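Visitor: One file: coords_39.cif (mmCIF, C-alpha atoms).
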```cif
data_protein
loop_
_atom_site.group_PDB
_atom_site.id
_atom_site.type_symbol
_atom_site.label_atom_id
_atom_site.label_comp_id
_atom_site.auth_asym_id
_atom_site.auth_seq_id
_atom_site.Cartn_x
_atom_site.Cartn_y
_atom_site.Cartn_z
ATOM 1 C CA MET A 1 -93.390 -169.175 122.879
ATOM 2 C CA THR A 2 -95.373 -166.723 124.921
ATOM 3 C CA GLY A 3 -97.513 -163.777 123.987
ATOM 4 C CA THR A 4 -95.639 -161.184 126.001
ATOM 5 C CA LEU A 5 -94.466 -157.924 124.511
ATOM 6 C CA HIS A 6 -90.669 -157.872 124.622
ATOM 7 C CA THR A 7 -88.945 -154.494 124.907
ATOM 8 C CA ASP A 8 -85.380 -153.680 125.785
ATOM 9 C CA GLY A 9 -84.987 -149.963 125.319
ATOM 10 C CA GLY A 10 -85.914 -147.865 122.320
ATOM 11 C CA SER A 11 -84.173 -150.011 119.715
ATOM 12 C CA ALA A 12 -85.561 -153.333 120.893
ATOM 13 C CA GLU A 13 -87.634 -155.530 118.619
ATOM 14 C CA ARG A 14 -91.315 -155.439 119.498
ATOM 15 C CA ARG A 15 -92.673 -158.948 119.171
ATOM 16 C CA LYS A 16 -95.803 -160.931 119.854
ATOM 17 C CA THR A 17 -96.291 -164.631 119.341
ATOM 18 C CA GLY A 18 -99.303 -166.802 118.942
ATOM 19 C CA VAL A 19 -100.379 -167.650 122.500
ATOM 20 C CA ILE A 20 -101.278 -164.856 124.916
ATOM 21 C CA ARG A 21 -102.073 -165.217 128.613
ATOM 22 C CA SER A 22 -105.187 -163.221 129.479
ATOM 23 C CA GLU A 23 -105.917 -161.523 132.804
ATOM 24 C CA THR A 24 -108.237 -164.406 133.647
ATOM 25 C CA GLY A 25 -105.363 -166.873 133.310
ATOM 26 C CA LEU A 26 -106.913 -168.473 130.226
ATOM 27 C CA THR A 27 -104.988 -168.861 126.994
ATOM 28 C CA VAL A 28 -106.300 -166.605 124.229
ATOM 29 C CA ARG A 29 -105.165 -165.835 120.701
ATOM 30 C CA ALA A 30 -105.180 -162.371 119.158
ATOM 31 C CA VAL A 31 -107.645 -161.809 116.303
ATOM 32 C CA LEU A 32 -105.953 -159.977 113.443
ATOM 33 C CA GLN A 33 -107.301 -158.050 110.474
ATOM 34 C CA LYS A 34 -105.500 -158.134 107.128
ATOM 35 C CA LEU A 35 -106.339 -155.589 104.431
ATOM 36 C CA LEU A 36 -106.375 -157.311 101.032
ATOM 37 C CA ASN A 37 -105.156 -155.673 97.862
ATOM 38 C CA ALA A 38 -106.717 -156.675 94.533
ATOM 39 C CA ASN A 39 -104.103 -159.375 93.907
ATOM 40 C CA LEU A 40 -104.577 -161.108 97.267
ATOM 41 C CA ALA A 41 -108.361 -160.953 96.970
ATOM 42 C CA ARG A 42 -108.189 -162.489 93.489
ATOM 43 C CA VAL A 43 -105.932 -165.421 94.411
ATOM 44 C CA ILE A 44 -108.089 -166.277 97.437
ATOM 45 C CA VAL A 45 -111.242 -166.373 95.302
ATOM 46 C CA GLU A 46 -109.709 -168.035 92.237
ATOM 47 C CA ARG A 47 -107.060 -170.338 93.701
ATOM 48 C CA GLY A 48 -107.988 -170.715 97.347
ATOM 49 C CA TYR A 49 -104.726 -169.056 98.397
ATOM 50 C CA ASP A 50 -104.066 -169.956 102.034
ATOM 51 C CA GLN A 51 -101.019 -167.882 103.027
ATOM 52 C CA VAL A 52 -100.951 -164.603 104.921
ATOM 53 C CA GLY A 53 -98.249 -162.266 106.182
ATOM 54 C CA GLY A 54 -97.089 -158.671 106.049
ATOM 55 C CA ILE A 55 -98.897 -155.691 107.555
ATOM 56 C CA VAL A 56 -101.763 -156.513 109.937
ATOM 57 C CA VAL A 57 -103.576 -154.907 112.866
ATOM 58 C CA GLU A 58 -105.533 -156.349 115.765
ATOM 59 C CA ALA A 59 -109.208 -156.424 114.815
ATOM 60 C CA ARG A 60 -110.278 -154.972 118.165
ATOM 61 C CA ASP A 61 -108.114 -151.890 117.531
ATOM 62 C CA VAL A 62 -109.919 -150.871 114.319
ATOM 63 C CA THR A 63 -113.561 -151.155 115.373
ATOM 64 C CA GLY A 64 -113.736 -147.357 115.296
ATOM 65 C CA LEU A 65 -112.785 -147.322 111.599
ATOM 66 C CA ARG A 66 -116.170 -148.171 110.131
ATOM 67 C CA THR A 67 -116.169 -147.326 106.438
ATOM 68 C CA ALA A 68 -113.991 -148.390 103.533
ATOM 69 C CA GLY A 69 -112.807 -144.798 103.175
ATOM 70 C CA GLU A 70 -111.809 -144.474 106.835
ATOM 71 C CA ILE A 71 -109.845 -147.717 106.711
ATOM 72 C CA ALA A 72 -108.118 -146.859 103.423
ATOM 73 C CA GLU A 73 -107.095 -143.427 104.715
ATOM 74 C CA ALA A 74 -105.774 -144.872 107.974
ATOM 75 C CA PHE A 75 -103.603 -147.322 106.035
ATOM 76 C CA GLY A 76 -102.229 -144.499 103.889
ATOM 77 C CA PHE A 77 -104.153 -145.009 100.646
ATOM 78 C CA ARG A 78 -105.409 -141.792 99.076
ATOM 79 C CA ASP A 79 -108.397 -142.944 97.044
ATOM 80 C CA ALA A 80 -111.665 -143.608 98.866
ATOM 81 C CA PRO A 81 -112.907 -146.969 97.513
ATOM 82 C CA GLN A 82 -116.503 -148.099 97.141
ATOM 83 C CA PHE A 83 -115.517 -151.154 99.165
ATOM 84 C CA LEU A 84 -112.475 -152.975 100.444
ATOM 85 C CA ASP A 85 -111.845 -156.550 101.521
ATOM 86 C CA VAL A 86 -110.301 -157.780 104.763
ATOM 87 C CA VAL A 87 -109.667 -161.130 106.410
ATOM 88 C CA ARG A 88 -110.083 -161.567 110.165
ATOM 89 C CA PHE A 89 -108.333 -164.542 111.712
ATOM 90 C CA GLU A 90 -106.744 -165.818 114.892
ATOM 91 C CA LEU A 91 -102.989 -165.410 115.090
ATOM 92 C CA PRO A 92 -101.582 -168.869 114.284
ATOM 93 C CA MET A 93 -99.844 -170.333 117.299
ATOM 94 C CA CYS A 94 -96.279 -170.383 115.957
ATOM 95 C CA ALA A 95 -96.429 -167.198 113.903
ATOM 96 C CA SER A 96 -95.026 -163.932 115.236
ATOM 97 C CA LEU A 97 -95.721 -160.220 115.053
ATOM 98 C CA THR A 98 -92.900 -157.684 114.904
ATOM 99 C CA ARG A 99 -92.521 -153.963 114.402
ATOM 100 C CA PRO A 100 -92.481 -153.064 110.659
ATOM 101 C CA VAL A 101 -88.848 -152.752 109.596
ATOM 102 C CA ASP A 102 -89.273 -150.702 106.404
ATOM 103 C CA THR A 103 -90.116 -147.217 107.668
ATOM 104 C CA VAL A 104 -88.617 -144.991 104.956
ATOM 105 C CA GLN A 105 -90.812 -143.202 102.424
ATOM 106 C CA ARG A 106 -91.797 -145.470 99.534
ATOM 107 C CA ASN A 107 -94.248 -145.531 96.656
ATOM 108 C CA TRP A 108 -96.535 -147.495 98.964
ATOM 109 C CA PRO A 109 -97.644 -146.845 102.552
ATOM 110 C CA THR A 110 -95.140 -147.414 105.345
ATOM 111 C CA TYR A 111 -95.613 -146.882 109.068
ATOM 112 C CA PRO A 112 -92.567 -145.146 110.601
ATOM 113 C CA SER A 113 -94.462 -144.321 113.806
ATOM 114 C CA GLY A 114 -95.584 -147.922 114.247
ATOM 115 C CA PHE A 115 -99.240 -146.828 114.118
ATOM 116 C CA LEU A 116 -101.942 -146.231 111.520
ATOM 117 C CA ASN A 117 -102.636 -142.679 110.378
ATOM 118 C CA SER A 118 -105.898 -142.196 112.258
ATOM 119 C CA SER A 119 -107.431 -140.588 115.320
ATOM 120 C CA GLU A 120 -107.648 -144.100 116.765
ATOM 121 C CA ILE A 121 -104.494 -145.507 118.400
ATOM 122 C CA VAL A 122 -103.863 -148.560 116.223
ATOM 123 C CA PRO A 123 -100.477 -150.320 116.412
ATOM 124 C CA VAL A 124 -99.274 -151.800 113.130
ATOM 125 C CA TRP A 125 -97.634 -155.220 113.088
ATOM 126 C CA GLU A 126 -95.726 -157.254 110.541
ATOM 127 C CA LEU A 127 -96.837 -160.878 110.537
ATOM 128 C CA SER A 128 -94.398 -163.629 109.620
ATOM 129 C CA ARG A 129 -95.582 -165.586 106.577
ATOM 130 C CA THR A 130 -97.901 -168.323 107.734
ATOM 131 C CA ARG A 131 -101.138 -170.102 106.795
ATOM 132 C CA PHE A 132 -104.563 -168.784 107.725
ATOM 133 C CA SER A 133 -105.968 -170.294 110.891
ATOM 134 C CA PRO A 134 -109.206 -172.295 110.561
ATOM 135 C CA GLY A 135 -112.266 -170.116 110.868
ATOM 136 C CA ALA A 136 -110.667 -167.098 109.172
ATOM 137 C CA GLU A 137 -113.380 -164.870 107.688
ATOM 138 C CA TYR A 138 -113.264 -162.878 104.447
ATOM 139 C CA TRP A 139 -115.303 -159.671 104.772
ATOM 140 C CA ARG A 140 -116.233 -156.884 102.348
ATOM 141 C CA ILE A 141 -116.624 -153.438 103.934
ATOM 142 C CA GLY A 142 -118.608 -150.815 102.022
ATOM 143 C CA ALA A 143 -118.275 -147.052 101.710
ATOM 144 C CA ASP A 144 -121.306 -146.758 104.003
ATOM 145 C CA GLY A 145 -119.810 -149.036 106.668
ATOM 146 C CA SER A 146 -121.842 -152.098 105.681
ATOM 147 C CA GLN A 147 -120.112 -155.464 106.108
ATOM 148 C CA GLN A 148 -120.720 -158.629 104.096
ATOM 149 C CA LEU A 149 -119.216 -162.022 104.910
ATOM 150 C CA LEU A 150 -117.977 -163.493 101.612
ATOM 151 C CA SER A 151 -116.159 -166.646 102.669
ATOM 152 C CA ALA A 152 -114.527 -168.574 105.502
ATOM 153 C CA TYR A 153 -111.374 -170.676 105.631
ATOM 154 C CA LEU A 154 -112.285 -174.223 106.608
ATOM 155 C CA GLY A 155 -108.769 -175.533 107.155
ATOM 156 C CA ALA A 156 -105.994 -177.052 105.084
ATOM 157 C CA ALA A 157 -108.034 -179.953 103.705
ATOM 158 C CA ARG A 158 -111.103 -177.953 102.649
ATOM 159 C CA GLY A 159 -109.707 -174.482 101.984
ATOM 160 C CA TRP A 160 -111.823 -171.376 101.385
ATOM 161 C CA LYS A 161 -115.564 -171.930 101.190
ATOM 162 C CA GLY A 162 -116.797 -171.232 97.657
ATOM 163 C CA ALA A 163 -113.336 -170.630 96.179
ATOM 164 C CA ARG A 164 -112.932 -171.795 92.598
ATOM 165 C CA GLY A 165 -109.665 -173.571 93.325
ATOM 166 C CA TRP A 166 -107.745 -175.433 96.010
ATOM 167 C CA ARG A 167 -104.172 -176.611 96.304
ATOM 168 C CA PRO A 168 -102.317 -178.548 98.996
ATOM 169 C CA PRO A 169 -100.633 -176.221 101.484
ATOM 170 C CA SER A 170 -96.870 -175.845 101.436
ATOM 171 C CA ALA A 171 -95.012 -177.764 104.129
ATOM 172 C CA LEU A 172 -92.752 -174.704 104.462
ATOM 173 C CA VAL A 173 -95.483 -172.250 105.481
ATOM 174 C CA GLY A 174 -97.902 -172.571 108.363
ATOM 175 C CA THR A 175 -98.738 -174.746 111.328
ATOM 176 C CA ARG A 176 -97.636 -178.369 111.464
ATOM 177 C CA ALA A 177 -97.887 -181.018 114.174
ATOM 178 C CA ARG A 178 -95.893 -184.097 115.085
ATOM 179 C CA TRP A 179 -98.204 -186.865 116.235
ATOM 180 C CA SER A 180 -97.529 -190.569 116.681
ATOM 181 C CA GLY A 181 -94.060 -190.176 115.180
ATOM 182 C CA GLU A 182 -95.178 -188.435 111.969
ATOM 183 C CA ASP A 183 -95.417 -184.811 110.824
ATOM 184 C CA PHE A 184 -98.651 -183.428 109.381
ATOM 185 C CA THR A 185 -100.189 -180.189 108.201
ATOM 186 C CA ALA A 186 -102.231 -179.031 111.189
ATOM 187 C CA ASP A 187 -105.145 -176.741 112.023
ATOM 188 C CA ILE A 188 -105.675 -175.851 115.679
ATOM 189 C CA ALA A 189 -108.999 -174.899 117.221
ATOM 190 C CA GLY A 190 -109.088 -174.713 120.988
ATOM 191 C CA GLU A 191 -107.565 -177.851 122.470
ATOM 192 C CA GLU A 192 -108.106 -179.922 119.315
ATOM 193 C CA VAL A 193 -105.831 -180.378 116.312
ATOM 194 C CA THR A 194 -107.051 -181.392 112.864
ATOM 195 C CA LEU A 195 -104.270 -183.279 111.112
ATOM 196 C CA THR A 196 -104.229 -183.464 107.312
ATOM 197 C CA ARG A 197 -102.600 -186.364 105.481
ATOM 198 C CA PHE A 198 -101.955 -186.411 101.729
ATOM 199 C CA ALA A 199 -102.100 -190.048 100.605
ATOM 200 C CA GLU A 200 -104.116 -192.405 98.439
ATOM 201 C CA VAL A 201 -105.245 -194.340 101.513
ATOM 202 C CA GLY A 202 -105.896 -192.653 104.844
ATOM 203 C CA GLY A 203 -105.802 -195.609 107.223
ATOM 204 C CA ASP A 204 -107.756 -196.383 110.376
ATOM 205 C CA GLY A 205 -109.160 -193.326 112.120
ATOM 206 C CA TRP A 206 -108.712 -191.031 109.111
ATOM 207 C CA ASN A 207 -111.657 -189.354 107.381
ATOM 208 C CA TRP A 208 -111.812 -188.712 103.631
ATOM 209 C CA SER A 209 -111.948 -185.006 102.698
ATOM 210 C CA ARG A 210 -111.203 -185.015 98.963
ATOM 211 C CA PRO A 211 -109.267 -187.346 96.638
ATOM 212 C CA GLY A 212 -105.884 -188.004 98.225
ATOM 213 C CA VAL A 213 -106.643 -185.888 101.311
ATOM 214 C CA TRP A 214 -107.552 -187.273 104.748
ATOM 215 C CA THR A 215 -108.079 -185.708 108.176
ATOM 216 C CA ARG A 216 -108.396 -186.742 111.799
ATOM 217 C CA GLN A 217 -108.840 -184.910 115.097
ATOM 218 C CA VAL A 218 -106.444 -185.444 117.993
ATOM 219 C CA PRO A 219 -105.895 -183.640 121.317
ATOM 220 C CA LEU A 220 -103.495 -180.713 121.245
ATOM 221 C CA ALA A 221 -101.786 -182.157 124.315
ATOM 222 C CA ASP A 222 -100.737 -185.201 122.251
ATOM 223 C CA CYS A 223 -98.937 -183.105 119.606
ATOM 224 C CA VAL A 224 -95.744 -181.163 119.145
ATOM 225 C CA VAL A 225 -96.819 -178.040 117.241
ATOM 226 C CA PHE A 226 -94.358 -176.121 115.071
ATOM 227 C CA GLU A 227 -93.764 -174.165 111.884
ATOM 228 C CA LEU A 228 -90.940 -175.188 109.555
ATOM 229 C CA VAL A 229 -88.997 -172.261 108.072
ATOM 230 C CA CYS A 230 -86.288 -172.478 105.412
ATOM 231 C CA MET A 231 -84.072 -169.407 105.043
ATOM 232 C CA ALA A 232 -81.344 -169.011 102.428
ATOM 233 C CA THR A 233 -79.513 -166.489 100.286
ATOM 234 C CA LEU A 234 -79.820 -165.905 96.557
ATOM 235 C CA ARG A 235 -76.918 -163.978 95.038
ATOM 236 C CA GLY A 236 -76.076 -162.814 98.536
ATOM 237 C CA ILE A 237 -79.608 -161.569 99.286
ATOM 238 C CA PRO A 238 -81.649 -163.128 102.125
ATOM 239 C CA VAL A 239 -84.759 -165.046 101.099
ATOM 240 C CA ARG A 240 -87.288 -167.418 102.608
ATOM 241 C CA VAL A 241 -88.311 -170.551 100.719
ATOM 242 C CA LEU A 242 -92.114 -170.616 100.604
ATOM 243 C CA ALA A 243 -92.477 -173.772 98.517
ATOM 244 C CA SER A 244 -90.252 -176.277 96.760
ATOM 245 C CA ASP A 245 -90.645 -179.459 94.755
ATOM 246 C CA GLY A 246 -87.018 -180.367 95.383
ATOM 247 C CA GLN A 247 -85.883 -178.832 92.104
ATOM 248 C CA ALA A 248 -87.435 -175.351 91.853
ATOM 249 C CA SER A 249 -88.504 -173.017 94.629
ATOM 250 C CA HIS A 250 -90.824 -170.075 95.242
ATOM 251 C CA LEU A 251 -89.194 -167.394 97.376
ATOM 252 C CA GLN A 252 -90.036 -164.379 99.482
ATOM 253 C CA VAL A 253 -87.288 -161.769 99.488
ATOM 254 C CA THR A 254 -86.628 -160.897 103.130
ATOM 255 C CA GLY A 255 -84.045 -158.236 102.322
ATOM 256 C CA SER A 256 -84.806 -154.655 101.334
ATOM 257 C CA PRO A 257 -87.016 -153.524 98.433
ATOM 258 C CA GLU A 258 -83.782 -152.587 96.667
ATOM 259 C CA ASP A 259 -82.602 -156.184 97.085
ATOM 260 C CA ALA A 260 -85.905 -157.410 95.670
ATOM 261 C CA GLU A 261 -85.552 -155.133 92.655
ATOM 262 C CA ALA A 262 -82.024 -156.425 92.049
ATOM 263 C CA LEU A 263 -83.381 -159.984 91.914
ATOM 264 C CA GLY A 264 -86.277 -159.025 89.628
ATOM 265 C CA ALA A 265 -88.850 -160.057 92.235
ATOM 266 C CA ALA A 266 -92.507 -159.054 91.866
ATOM 267 C CA MET A 267 -94.337 -157.024 94.516
ATOM 268 C CA VAL A 268 -97.392 -159.104 95.474
ATOM 269 C CA GLU A 269 -98.643 -156.581 98.039
ATOM 270 C CA PRO A 270 -97.177 -153.324 99.356
ATOM 271 C CA GLY A 271 -93.639 -154.048 100.534
ATOM 272 C CA VAL A 272 -93.818 -157.830 99.975
ATOM 273 C CA PHE A 273 -91.757 -159.304 97.130
ATOM 274 C CA GLU A 274 -91.716 -162.835 95.722
ATOM 275 C CA LEU A 275 -89.773 -164.701 93.069
ATOM 276 C CA GLY A 276 -90.782 -167.999 91.465
ATOM 277 C CA ASP A 277 -89.159 -170.912 89.631
ATOM 278 C CA VAL A 278 -85.746 -170.458 91.223
ATOM 279 C CA PRO A 279 -83.578 -173.611 91.061
ATOM 280 C CA MET A 280 -82.779 -174.891 94.539
ATOM 281 C CA THR A 281 -79.176 -175.253 93.379
ATOM 282 C CA ASP A 282 -78.992 -171.437 93.079
ATOM 283 C CA LEU A 283 -79.600 -171.026 96.815
ATOM 284 C CA SER A 284 -76.796 -170.751 99.350
ATOM 285 C CA ASN A 285 -76.588 -170.844 103.140
ATOM 286 C CA GLN A 286 -79.794 -172.816 103.596
ATOM 287 C CA ARG A 287 -80.941 -172.857 107.231
ATOM 288 C CA TRP A 288 -83.870 -174.899 108.482
ATOM 289 C CA VAL A 289 -85.614 -173.788 111.662
ATOM 290 C CA ALA A 290 -88.547 -175.413 113.444
ATOM 291 C CA ASN A 291 -90.356 -172.735 115.460
ATOM 292 C CA GLU A 292 -91.859 -174.978 118.115
ATOM 293 C CA LEU A 293 -94.762 -174.010 120.332
ATOM 294 C CA SER A 294 -93.990 -173.954 124.033
ATOM 295 C CA ARG A 295 -97.227 -174.559 125.888
ATOM 296 C CA PRO A 296 -98.028 -172.074 128.685
ATOM 297 C CA ASP A 297 -97.460 -173.435 132.183
#
```
Kindly present the structure from the file in structure tokens form.

Guide:
Amino acid sequence: MTGTLHTDGGSAERRKTGVIRSETGLTVRAVLQKLLNANLARVIVERGYDQVGGIVVEARDVTGLRTAGEIAEAFGFRDAPQFLDVVRFELPMCASLTRPVDTVQRNWPTYPSGFLNSSEIVPVWELSRTRFSPGAEYWRIGADGSQQLLSAYLGAARGWKGARGWRPPSALVGTRARWSGEDFTADIAGEEVTLTRFAEVGGDGWNWSRPGVWTRQVPLADCVVFELVCMATLRGIPVRVLASDGQASHLQVTGSPEDAEALGAAMVEPGVFELGDVPMTDLSNQRWVANELSRPD
């Protein structure tokens, strides 16, 4: 995967992927900013929620939007808040950014022009569901433009610093790596990969992180990096499986908001709908895809 911007006429899909070649020839990764609604902020603080997706912007594009009110207005929210919360993070290597597909008028903000509603030129992107990259930062921006760092994501094994909860990441969301013939949850920083193993005993070379959780660092060059995605249909409606214990599944509805309403899915953030405790036997047309990272030449 490369970080080029693919266009093929006016109807082409605009897409970015996790590795971008800079003018210097070095590999860089875009830093994104995600605006959190109250629900997302709560589950990060209370449960250590590690997934991210939906509407994002590049952090460098919104430096001119200083205050909570300016940011809220640009995103299409009417009320000027006393503060708002954002997460800034590197685009995970196998995740992708596309043009927002829902551009009709809704009861929540949409972005038919592909840009925020501001004097700044800020492209809006839709991020495929993934896991936060290590080093992600949770910031609170005040009405006066003040910024306070509240937490940082320390990777799959350690989660959000100071969060009241933690849970193992789903194997169906976020970066993974194949190393020495096995697949692991993976966090990538530079040319190093932190592998996370969930087992009672870690083995030689593995470091204890918490009960049943072990990590080790290996070179990126020694790994095959990928994200595992499971798509399916539920009653004829397209969904993505976000987690499964083999019996029940937690789903993201990838069809329209009308499809989500027909399934009784809950809106977890503007335009993003999920449905829990769905028997795997109710799913049809399951398709497994490994989005594998192609290293730049």

Visitor: Write out as a PyMOL selection string which residues come within 7 Å of Val278 in chain A when counting all atoms listed in the file, dropping same-chain ones fewer than 2 positions away.

Guide: chain A and resi 248-250+276+280

Visitor: What does the file look like for those residues with C-alpha atoms, as an mmCIF file, keeping the file's coordinate frame?

Guide:
```cif
data_model
loop_
_atom_site.group_PDB
_atom_site.id
_atom_site.type_symbol
_atom_site.label_atom_id
_atom_site.label_comp_id
_atom_site.auth_asym_id
_atom_site.auth_seq_id
_atom_site.Cartn_x
_atom_site.Cartn_y
_atom_site.Cartn_z
ATOM 1 C CA ALA A 248 -87.435 -175.351 91.853
ATOM 2 C CA SER A 249 -88.504 -173.017 94.629
ATOM 3 C CA HIS A 250 -90.824 -170.075 95.242
ATOM 4 C CA GLY A 276 -90.782 -167.999 91.465
ATOM 5 C CA MET A 280 -82.779 -174.891 94.539
#
```

Visitor: Give me the residues near Leu263 in chain A as a VMD selection string, where near means some atom within 10 Å (using all atoms listed in the file) and where sequence neighbours in that chain fewer than 4 positions away do not count.

Guide: chain A and resid 234 to 235 237 253 257 to 259 273 to 275

Visitor: Of the candidates A:Ala189, A:Pro238, A:Ala156, A:Glu120, which one gets nearest to Thr215 in chain A if we count all atoms listed in the file?

Guide: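 Closest residue, counting all atoms listed in the file: A:Ala156.
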
Visitor: CA of Arg131 in chain A to CA of Glu73 in chain A: how many Å, to one decimal?

Guide: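 Rounded to one decimal, the two atoms are 27.4 Å apart.
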
Visitor: Could you jot down the CA of Ala199 in chain A to CA of Ser151 in chain A separation for me, Å, one decimal place?

Guide: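 Interatomic distance, CA of Ala199 in chain A to CA of Ser151 in chain A: 27.4 Å.
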
Visitor: I want to know what sits within 7 Å of range 292-294 of chain A, based on all atoms listed in the file, with residues of the same chain fewer than 4 positions away left out; could you give that as a ChimeraX atom specification?

Guide: /A:1,93-94,225-227

Visitor: With the PyMOL selection byres ((chain A and resi 96-104) around 9) as the selection, what would be picked from this file? Answer as a ChimeraX atom specification, please.

Guide: /A:13-18,54-56,91-95,105-106,110-114,123-129,256-257,271

Visitor: For this structure, which residues satisfy the selection - the PyMOL selection byres ((chain A and resi 209) around 12) - when it is evaluated on the file as given? I want them as a PDB file with C-alpha atoms, in the coordinates of the input.

Guide:
```
ATOM      1  CA  LEU A 154    -112.285-174.223 106.608  1.00  0.00           C
ATOM      2  CA  GLY A 155    -108.769-175.533 107.155  1.00  0.00           C
ATOM      3  CA  ALA A 156    -105.994-177.052 105.084  1.00  0.00           C
ATOM      4  CA  ALA A 157    -108.034-179.953 103.705  1.00  0.00           C
ATOM      5  CA  ARG A 158    -111.103-177.953 102.649  1.00  0.00           C
ATOM      6  CA  GLY A 159    -109.707-174.482 101.984  1.00  0.00           C
ATOM      7  CA  THR A 194    -107.051-181.392 112.864  1.00  0.00           C
ATOM      8  CA  LEU A 195    -104.270-183.279 111.112  1.00  0.00           C
ATOM      9  CA  THR A 196    -104.229-183.464 107.312  1.00  0.00           C
ATOM     10  CA  ARG A 197    -102.600-186.364 105.481  1.00  0.00           C
ATOM     11  CA  PHE A 198    -101.955-186.411 101.729  1.00  0.00           C
ATOM     12  CA  ALA A 199    -102.100-190.048 100.605  1.00  0.00           C
ATOM     13  CA  GLU A 200    -104.116-192.405  98.439  1.00  0.00           C
ATOM     14  CA  VAL A 201    -105.245-194.340 101.513  1.00  0.00           C
ATOM     15  CA  GLY A 202    -105.896-192.653 104.844  1.00  0.00           C
ATOM     16  CA  TRP A 206    -108.712-191.031 109.111  1.00  0.00           C
ATOM     17  CA  ASN A 207    -111.657-189.354 107.381  1.00  0.00           C
ATOM     18  CA  TRP A 208    -111.812-188.712 103.631  1.00  0.00           C
ATOM     19  CA  ARG A 210    -111.203-185.015  98.963  1.00  0.00           C
ATOM     20  CA  PRO A 211    -109.267-187.346  96.638  1.00  0.00           C
ATOM     21  CA  GLY A 212    -105.884-188.004  98.225  1.00  0.00           C
ATOM     22  CA  VAL A 213    -106.643-185.888 101.311  1.00  0.00           C
ATOM     23  CA  TRP A 214    -107.552-187.273 104.748  1.00  0.00           C
ATOM     24  CA  THR A 215    -108.079-185.708 108.176  1.00  0.00           C
ATOM     25  CA  ARG A 216    -108.396-186.742 111.799  1.00  0.00           C
TER      26      ARG A 216
END
```

Visitor: For the file shown, what are the residues hit by the PyMOL selection byres ((chain A and resi 163-175) around 7), laid out as a PyMOL selection string?

Guide: chain A and resi 44-48+94+129-131+156+159-162+176-177+185-187+226-230+242-243

Visitor: Contacts of Gln82 in chain A at 12 Å or less, counting all atoms listed in the file, minus same-chain residues fewer than 5 places along, as number ranges by chain?

Guide: A: 67-72, 140-146

Visitor: Enclose range 121-129 of chain A, meaning all of its atoms listed in the file, in a box aligned along x, y and z, pad it by 6 Å on each side, and list the centre and edge lengths in Å to one decimal, as JSON.

Guide:
```
{"center_x": -99.4, "center_y": -155.5, "center_z": 112.5, "size_x": 22.1, "size_y": 32.1, "size_z": 23.8}
```

Visitor: Provide the CA of Phe132 in chain A to CA of Asp50 in chain A distance in Å, to one decimal place.

Guide: 5.8 Å

Visitor: Given the choices A:Leu283, A:Leu65, A:Arg88, A:Ala136, which gets closest to Ser118 in chain A if the distance is worked out from all atoms listed in the file?

Guide: A:Leu65

Visitor: Measuring atom to atom with only C-alpha atoms, identify which of A:Pro109, A:Gly236, A:Gly246, A:Pro134 is nearest to Glu192 in chain A.

Guide: A:Pro134

Visitor: Just the residues within 10 Å of range 33-38 of chain A, please, counting all atoms listed in the file, with nothing from its chain fewer than 2 positions along; format it as an MDAnalysis selection string.

Guide: chainID A and resid 30:31 40:44 52:62 71:72 75 84:91 127 136:140 268:270
